[in-house]
Amino acid sequence: MFEILKAEQLNKDVTRMVIAAPDIAQRIKPGQFIMLRIDEHGERIPLTMNDCDPEAGTVTIVFQAVGATTMRLATMHAGEYLQDFVGPLGNPTELDGVKRACIIGGGLGTAIAYPQAKWLHEHGAQVDVITGFRTSELIMLQDEIEAVSEHQFVVTDDGSNGHRGLVTQVLAKQIDAGANYDLVVAIGPVIMMQKVSELTEPHNIKTWVSMNPLMIDGTGMCGVCRVKVGDQYLHACVDGPDFDGHLVDFADALRRGVQYREPEQYAREATAHKLAAEGRSCGGGAELREEQQLRRKAG
């Protein structure tokens with residue numbers, strides 16, 4: 001059993017939890033993930049590490065209440081326990097030797113991109129961080145990112161924070177202004193990662209994207225988390241989750257991402273009714289709904 005030491009809302013949809021997991025905290029690196037199960041009857045879900053403290057023996061996860069398990073997880077509090085918390089899984093992001101990097105987070109992807117920015121900063125790299133959100137109410141981790149970045153740029157779709165725009169627009173301006181990035185890391189909605197990759201490819205800037213397809217076991221046995229990279233299918237759990245953004249087939253990723261839309265919606269509604277009957281509630285997952293709409297438009 002793994003104790004929840006701290007649980008807090010970062011915004012109306014997103015929760016940050018600190019979990020006591022000493023063995024994992026000693027070994028997990030930026031880009032890697034864990035698989036958790038709330039109880040013996042629960043499903044296994046992957047969550048990428050947001051932070052860790054080897055000395056305290058803790059691993060921090062950040063998640064959005066968008067599915068049956070994360071909706072239940074969002075109602076849990078410090079002092080409660082998780083049945084399983086397994087990791088580290090996947091491969092760390094390749095960051096060695098990077099001198100100047102741009103880390104880009106879209107929505108919840110900001111929490112997953114933070115550890116890469118932190119690691120690069122601690123290892124002497126110059127780091128710019130660009131984050132994008134639908135509205136200012138969803139902005140998160142500004143203080144944490146400020147502490148590990150040379151420049152921080154935050155944009156919103158509606159301009160409610162005073163900076164309306166897209167992360168790709170900021171990235172283009174930085175590149176045009178002479179920012180000589182040797183690495184860009186983009187984490188967030190599939191369409192955002194695609195647009196970032198299309199922007200960096202003509203400039204020959206190495207670009208990592210973090211893919212999060214449906215995953216069941218996290219060890220490569222089920223084959224569900226396939227990602228088409230170049231002319232082959234790889235598994236996000238054992239070959240990733242980071243892949244070369246210039247080789248990922250994003251159209252295929254978008255199609256695969258909506259395969260189970262109807263049963264997922266049924267599970268969300270059933271869980272919401274059950275939690276309401278128990279007097280509990282969780283966030284609404286607005287960002288997921290928006291990406292689903294974009295995926296439908298993409299066919």
# chains A, B, ... in the order shown; residues from 1 in each chain; ligands from 1
>>> closest_atom_pairs(of="stretch 24-131 of chain A", to="stretch 169-192 of chain A", cutoff="8 Å", atoms="only C-alpha atoms", output="CSV")
residue,atom,partner,partner_atom,distance
A:Val98,CA,A:Asp182,CA,6.5
A:Lys99,CA,A:Asp182,CA,6.9
A:Arg100,CA,A:Tyr181,CA,5.1
A:Ala101,CA,A:Leu183,CA,4.8
A:Cys102,CA,A:Val184,CA,4.8
A:Ile103,CA,A:Val185,CA,4.9
A:Ile104,CA,A:Ala186,CA,4.7
A:Gly105,CA,A:Ile187,CA,5.1
A:Gly106,CA,A:Gly188,CA,4.4
A:Gly107,CA,A:Gly188,CA,6.4
A:Leu108,CA,A:Gly188,CA,6.6
A:Gly109,CA,A:Gly188,CA,4.2
A:Thr110,CA,A:Ile187,CA,7.1
A:Ile112,CA,A:Ile187,CA,7.0
A:Ala113,CA,A:Ile187,CA,6.2
A:Ile130,CA,A:Val170,CA,7.4
>>> write_last_selection(atoms="all heavy atoms", output="mmCIF file, in the first residue's frame")
data_model
loop_
_atom_site.group_PDB
_atom_site.id
_atom_site.type_symbol
_atom_site.label_atom_id
_atom_site.label_comp_id
_atom_site.auth_asym_id
_atom_site.auth_seq_id
_atom_site.Cartn_x
_atom_site.Cartn_y
_atom_site.Cartn_z
ATOM 1 N N VAL A 98 22.592 18.705 -23.631
ATOM 2 C CA VAL A 98 21.806 19.831 -24.136
ATOM 3 C C VAL A 98 22.298 21.124 -23.495
ATOM 4 O O VAL A 98 22.469 21.206 -22.277
ATOM 5 C CB VAL A 98 20.310 19.627 -23.851
ATOM 6 C CG1 VAL A 98 19.512 20.866 -24.248
ATOM 7 C CG2 VAL A 98 19.793 18.402 -24.594
ATOM 8 N N LYS A 99 22.530 22.137 -24.316
ATOM 9 C CA LYS A 99 23.007 23.434 -23.835
ATOM 10 C C LYS A 99 21.890 24.472 -23.776
ATOM 11 O O LYS A 99 21.848 25.286 -22.863
ATOM 12 C CB LYS A 99 24.124 23.949 -24.745
ATOM 13 C CG LYS A 99 25.332 23.024 -24.827
ATOM 14 C CD LYS A 99 25.947 22.806 -23.454
ATOM 15 C CE LYS A 99 27.178 21.903 -23.554
ATOM 16 N NZ LYS A 99 27.751 21.611 -22.211
ATOM 17 N N ARG A 100 21.022 24.452 -24.766
ATOM 18 C CA ARG A 100 19.900 25.397 -24.752
ATOM 19 C C ARG A 100 18.651 24.677 -25.228
ATOM 20 O O ARG A 100 18.649 24.079 -26.316
ATOM 21 C CB ARG A 100 20.170 26.622 -25.619
ATOM 22 C CG ARG A 100 19.049 27.668 -25.452
ATOM 23 C CD ARG A 100 19.347 28.987 -26.066
ATOM 24 N NE ARG A 100 18.328 29.962 -25.670
ATOM 25 C CZ ARG A 100 18.199 31.185 -26.183
ATOM 26 N NH1 ARG A 100 19.040 31.587 -27.126
ATOM 27 N NH2 ARG A 100 17.248 31.994 -25.759
ATOM 28 N N ALA A 101 17.609 24.736 -24.441
ATOM 29 C CA ALA A 101 16.395 23.984 -24.741
ATOM 30 C C ALA A 101 15.162 24.849 -24.577
ATOM 31 O O ALA A 101 15.151 25.824 -23.820
ATOM 32 C CB ALA A 101 16.281 22.770 -23.821
ATOM 33 N N CYS A 102 14.121 24.458 -25.297
ATOM 34 C CA CYS A 102 12.797 25.055 -25.117
ATOM 35 C C CYS A 102 11.844 23.941 -24.730
ATOM 36 O O CYS A 102 11.684 22.965 -25.468
ATOM 37 C CB CYS A 102 12.328 25.736 -26.394
ATOM 38 S SG CYS A 102 10.741 26.591 -26.203
ATOM 39 N N ILE A 103 11.253 24.060 -23.565
ATOM 40 C CA ILE A 103 10.294 23.082 -23.066
ATOM 41 C C ILE A 103 8.896 23.666 -23.229
ATOM 42 O O ILE A 103 8.635 24.781 -22.778
ATOM 43 C CB ILE A 103 10.559 22.751 -21.583
ATOM 44 C CG1 ILE A 103 12.026 22.363 -21.373
ATOM 45 C CG2 ILE A 103 9.628 21.643 -21.117
ATOM 46 C CD1 ILE A 103 12.477 21.148 -22.150
ATOM 47 N N ILE A 104 8.013 22.907 -23.883
ATOM 48 C CA ILE A 104 6.683 23.416 -24.198
ATOM 49 C C ILE A 104 5.627 22.511 -23.575
ATOM 50 O O ILE A 104 5.637 21.292 -23.781
ATOM 51 C CB ILE A 104 6.472 23.481 -25.722
ATOM 52 C CG1 ILE A 104 7.539 24.380 -26.355
ATOM 53 C CG2 ILE A 104 5.068 23.998 -26.047
ATOM 54 C CD1 ILE A 104 7.486 24.402 -27.872
ATOM 55 N N GLY A 105 4.739 23.102 -22.812
ATOM 56 C CA GLY A 105 3.653 22.354 -22.190
ATOM 57 C C GLY A 105 2.308 22.908 -22.604
ATOM 58 O O GLY A 105 2.091 24.120 -22.555
ATOM 59 N N GLY A 106 1.420 22.019 -22.998
ATOM 60 C CA GLY A 106 0.063 22.435 -23.340
ATOM 61 C C GLY A 106 -0.912 21.904 -22.314
ATOM 62 O O GLY A 106 -1.053 20.692 -22.153
ATOM 63 N N GLY A 107 -1.574 22.785 -21.576
ATOM 64 C CA GLY A 107 -2.520 22.354 -20.556
ATOM 65 C C GLY A 107 -1.868 21.467 -19.521
ATOM 66 O O GLY A 107 -0.845 21.817 -18.922
ATOM 67 N N LEU A 108 -2.448 20.285 -19.305
ATOM 68 C CA LEU A 108 -1.916 19.349 -18.312
ATOM 69 C C LEU A 108 -0.488 18.930 -18.641
ATOM 70 O O LEU A 108 0.278 18.564 -17.752
ATOM 71 C CB LEU A 108 -2.818 18.123 -18.235
ATOM 72 C CG LEU A 108 -2.481 17.094 -17.156
ATOM 73 C CD1 LEU A 108 -2.639 17.692 -15.770
ATOM 74 C CD2 LEU A 108 -3.347 15.856 -17.309
ATOM 75 N N GLY A 109 -0.113 18.989 -19.928
ATOM 76 C CA GLY A 109 1.247 18.645 -20.309
ATOM 77 C C GLY A 109 2.301 19.493 -19.622
ATOM 78 O O GLY A 109 3.467 19.093 -19.530
ATOM 79 N N THR A 110 1.909 20.655 -19.124
ATOM 80 C CA THR A 110 2.836 21.518 -18.384
ATOM 81 C C THR A 110 3.417 20.787 -17.182
ATOM 82 O O THR A 110 4.609 20.904 -16.882
ATOM 83 C CB THR A 110 2.112 22.789 -17.924
ATOM 84 O OG1 THR A 110 1.654 23.505 -19.085
ATOM 85 C CG2 THR A 110 3.018 23.682 -17.099
ATOM 86 N N ILE A 112 3.871 17.611 -16.844
ATOM 87 C CA ILE A 112 4.759 16.542 -17.277
ATOM 88 C C ILE A 112 6.056 17.115 -17.832
ATOM 89 O O ILE A 112 7.108 16.475 -17.766
ATOM 90 C CB ILE A 112 4.044 15.673 -18.325
ATOM 91 C CG1 ILE A 112 2.742 15.112 -17.747
ATOM 92 C CG2 ILE A 112 4.932 14.540 -18.802
ATOM 93 C CD1 ILE A 112 1.874 14.412 -18.764
ATOM 94 N N ALA A 113 5.991 18.335 -18.395
ATOM 95 C CA ALA A 113 7.179 18.974 -18.956
ATOM 96 C C ALA A 113 8.061 19.599 -17.888
ATOM 97 O O ALA A 113 9.263 19.792 -18.115
ATOM 98 C CB ALA A 113 6.748 20.042 -19.966
ATOM 99 N N ILE A 130 7.662 27.469 -22.518
ATOM 100 C CA ILE A 130 6.441 28.048 -23.081
ATOM 101 C C ILE A 130 5.276 27.163 -22.675
ATOM 102 O O ILE A 130 5.303 25.950 -22.900
ATOM 103 C CB ILE A 130 6.502 28.119 -24.616
ATOM 104 C CG1 ILE A 130 7.759 28.855 -25.084
ATOM 105 C CG2 ILE A 130 5.249 28.794 -25.173
ATOM 106 C CD1 ILE A 130 7.994 28.764 -26.589
#
>>> residues_around(residues="stretch 34-48 of chain A", least_positions_apart="3", cutoff="6 Å", atoms="only C-alpha atoms", output="list in words")
Leu82, Gln83, Asp84, Phe85, Val86, Gly87, Pro88 and Leu89 of chain A
>>> residues_around(residues="A:Val227", least_positions_apart="6", cutoff="7 Å", atoms="only C-alpha atoms", output="list in words")
Tyr233, Leu234, His235, Ala236 and Ala253 of chain A
>>> write_last_selection(atoms="N, CA and C atoms", output="short mmCIF file (atom, residue, chain, number, x, y, z; two decimals), in the first residue's frame")
data_model
loop_
_atom_site.label_atom_id
_atom_site.label_comp_id
_atom_site.auth_asym_id
_atom_site.auth_seq_id
_atom_site.Cartn_x
_atom_site.Cartn_y
_atom_site.Cartn_z
N TYR A 233 5.59 0.44 -36.05
CA TYR A 233 4.82 0.69 -34.83
C TYR A 233 5.68 0.35 -33.62
N LEU A 234 5.78 1.29 -32.70
CA LEU A 234 6.50 1.10 -31.46
C LEU A 234 5.51 1.16 -30.30
N HIS A 235 5.96 0.76 -29.12
CA HIS A 235 5.10 0.78 -27.94
C HIS A 235 5.51 1.93 -27.01
N ALA A 236 4.54 2.76 -26.67
CA ALA A 236 4.84 3.92 -25.84
C ALA A 236 5.40 3.52 -24.48
N ALA A 253 -2.13 8.71 -34.63
CA ALA A 253 -2.32 8.86 -33.18
C ALA A 253 -3.67 9.48 -32.86
#
>>> atom_distance(atom1="atom CA of A:Arg16", atom2="atom CA of A:Glu137")
16.0 Å
>>> select_by_dssp(residues="stretch 39-147 of chain A", states="strand (DSSP E)", output="number ranges by chain")
A: 45-53, 58-64, 81-82, 84-89, 100-106, 126-133
>>> closest_residue(among="A:Leu166, A:Ala125, A:Val14, A:Ala20", to="A:Glu150", atoms="only C-alpha atoms")
A:Ala125
>>> residues_around(residues="stretch 156-163 of chain A", least_positions_apart="2", cutoff="9 Å", atoms="only C-alpha atoms", output="PyMOL selection string")
chain A and resi 131-137+139+153-154+165-167
>>> select_by_dssp(residues="stretch 134-295 of chain A", states="alpha helix (DSSP H)", output="MDAnalysis selection string")
chainID A and resid 142:146 167:176 190:200 250:257 261:277 286:295
>>> residues_around(residues="A:Thr75", least_positions_apart="5", cutoff="12 Å", atoms="only C-alpha atoms", output="JSON, numbers by chain")
{"A": [4, 7, 8, 9, 13, 14, 15, 16, 17, 38, 64, 65, 68, 69, 70, 80, 271, 272, 275, 276, 278, 279, 280, 281, 282, 283]}
